[in-house]
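Here is the structure we will look at.
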Amino acid sequence: QVEQQINTNQKLDSLVAMQLASISSVALGYVGMDISYISGEMNYDGSTPVDITYALGSEAVTSKVNVYNEDGELVYSADAPKDTGMNKFTWNGTKTDGTPVEAGTYTLKIDAVDKDGKAIENSTVVSGHVDGIETQNGVVYVLVGDRAVPISSIVNAKTPPASTTTTDTTTST
């Protein structure tokens, strides 16, 4: 019985390793793609605006989008759409006063209040570009800047638009 249990454990370990390899293969397909993922944390690469989608459970009287840096300091705050359901907002990587912020990880919080003064529950989806993958404790993540995003949080992926480069073909004589 002990020998059978050892064999069973070895087979289970092999199955787990094969499943992890399979999930890693799927994750590799995200590399180079732009994704949207469920999270209150986002990566700002220093130049590309971050698209933010959030859902409100009811109509808000006031709604603000607040962005905090890694030290927890509020760097950006603005009024946001108040409609029930999906709302969109794009943060261009600036502070409230318009000065640019550094590349890094930022936390997003939507503060929305209903007509009774109660906070409205909401969920956020942010976007980013996948640069790689990694495995932590048997879980496969895609890398968006410094953020490790679990594959289970990804809601959509798309190929980024082709960059338009022009070549100067003029010659001087």
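By convention here, the chains of the structure tokens are called A, B, ... in the order presented, each chain's residues are numbered starting at 1, and ligands are numbered starting at 1 in the order presented.
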Problem set entry | Residue list (strand (DSSP E or B), DSSP) for chain A, as a VMD selection string | chain A and resid 34 to 38 41 to 44 50 to 56 62 to 68 74 to 79 85 to 91 94 100 104 to 113 119 122 to 129 132 to 136 139 to 144 147 to 150 154 to 158
Exercise. Quick one: DSSP helix (DSSP H, G or I) residues in range 8-139 of chain A, as an MDAnalysis selection string?
Worked result: chainID A and resid 8:28
How about saving the chosen residues, C-alpha atoms kept, as a CSV table (one decimal), in the first residue's frame?
```csv
chain,number,residue,atom,x,y,z
A,8,THR,CA,0.2,7.7,-6.9
A,9,ASN,CA,2.0,10.8,-5.5
A,10,GLN,CA,4.6,10.7,-8.2
A,11,LYS,CA,1.9,10.5,-10.9
A,12,LEU,CA,0.0,13.4,-9.3
A,13,ASP,CA,3.3,15.4,-9.2
A,14,SER,CA,3.8,14.7,-12.9
A,15,LEU,CA,0.2,15.7,-13.7
A,16,VAL,CA,0.6,19.0,-11.8
A,17,ALA,CA,3.9,19.7,-13.7
A,18,MET,CA,2.2,19.0,-17.0
A,19,GLN,CA,-0.7,21.3,-16.2
A,20,LEU,CA,1.7,24.1,-15.2
A,21,ALA,CA,3.6,23.7,-18.4
A,22,SER,CA,0.3,23.8,-20.3
A,23,ILE,CA,-0.8,27.0,-18.5
A,24,SER,CA,2.6,28.5,-19.2
A,25,SER,CA,2.2,27.8,-22.9
A,26,VAL,CA,-1.2,29.6,-22.8
A,27,ALA,CA,0.4,32.5,-20.9
A,28,LEU,CA,3.2,32.9,-23.5
```
Problem set entry | Distance criterion (only C-alpha atoms): nearest to Ser47 in chain A out of A:Asn137, A:Thr99, A:Asn92, A:Ser153 |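 Looking at the shortest contact to Ser47 in chain A, the residue is A:Asn92.
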Problem set entry | Closest of A:Thr107, A:Ser123, A:Asn7, A:Thr159 to Tyr68 in chain A - atom-to-atom distances counting only C-alpha atoms |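 Residue with the minimum atom-to-atom distance to Tyr68 in chain A: A:Thr107.
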Problem set entry | Distance query Gly104 in chain A at most 7 Å, only C-alpha atoms, self and fewer than 4 positions along chain excluded, as a list of chain:residue names |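 The filter keeps A:Asn43, A:Tyr44, A:Asp45.
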Kindly export the residues of the current selection with all heavy atoms, as a PDB file, in the first residue's frame.
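Written out: out29.pdb:
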```pdb
ATOM      1  N   ASN A  43      -0.058  49.384 -14.005  1.00  0.00           N
ATOM      2  CA  ASN A  43       1.282  49.805 -14.357  1.00  0.00           C
ATOM      3  C   ASN A  43       1.179  50.980 -15.313  1.00  0.00           C
ATOM      4  O   ASN A  43       0.417  50.943 -16.265  1.00  0.00           O
ATOM      5  CB  ASN A  43       2.039  48.659 -15.039  1.00  0.00           C
ATOM      6  CG  ASN A  43       3.431  49.080 -15.440  1.00  0.00           C
ATOM      7  OD1 ASN A  43       4.287  49.310 -14.601  1.00  0.00           O
ATOM      8  ND2 ASN A  43       3.659  49.230 -16.727  1.00  0.00           N
ATOM      9  N   TYR A  44       1.950  52.019 -15.031  1.00  0.00           N
ATOM     10  CA  TYR A  44       2.065  53.137 -15.961  1.00  0.00           C
ATOM     11  C   TYR A  44       3.490  53.106 -16.494  1.00  0.00           C
ATOM     12  O   TYR A  44       4.441  53.174 -15.725  1.00  0.00           O
ATOM     13  CB  TYR A  44       1.749  54.471 -15.271  1.00  0.00           C
ATOM     14  CG  TYR A  44       1.956  55.649 -16.180  1.00  0.00           C
ATOM     15  CD1 TYR A  44       1.176  55.804 -17.319  1.00  0.00           C
ATOM     16  CD2 TYR A  44       2.944  56.581 -15.930  1.00  0.00           C
ATOM     17  CE1 TYR A  44       1.378  56.879 -18.179  1.00  0.00           C
ATOM     18  CE2 TYR A  44       3.140  57.661 -16.784  1.00  0.00           C
ATOM     19  CZ  TYR A  44       2.361  57.790 -17.905  1.00  0.00           C
ATOM     20  OH  TYR A  44       2.554  58.845 -18.766  1.00  0.00           O
ATOM     21  N   ASP A  45       3.640  52.973 -17.810  1.00  0.00           N
ATOM     22  CA  ASP A  45       4.968  52.804 -18.407  1.00  0.00           C
ATOM     23  C   ASP A  45       5.709  54.115 -18.644  1.00  0.00           C
ATOM     24  O   ASP A  45       6.827  54.117 -19.139  1.00  0.00           O
ATOM     25  CB  ASP A  45       4.890  52.004 -19.701  1.00  0.00           C
ATOM     26  CG  ASP A  45       4.136  52.713 -20.816  1.00  0.00           C
ATOM     27  OD1 ASP A  45       3.800  53.912 -20.670  1.00  0.00           O
ATOM     28  OD2 ASP A  45       3.875  52.068 -21.845  1.00  0.00           O
TER      29      ASP A  45
END
```
Exercise. Smallest atom-to-atom distance to Ala78 in chain A: which of A:Ala103, A:Ile110, A:Val31, A:Val130, using only C-alpha atoms?
Worked result: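 That would be A:Ile110, the residue with the smallest distance to Ala78 in chain A.
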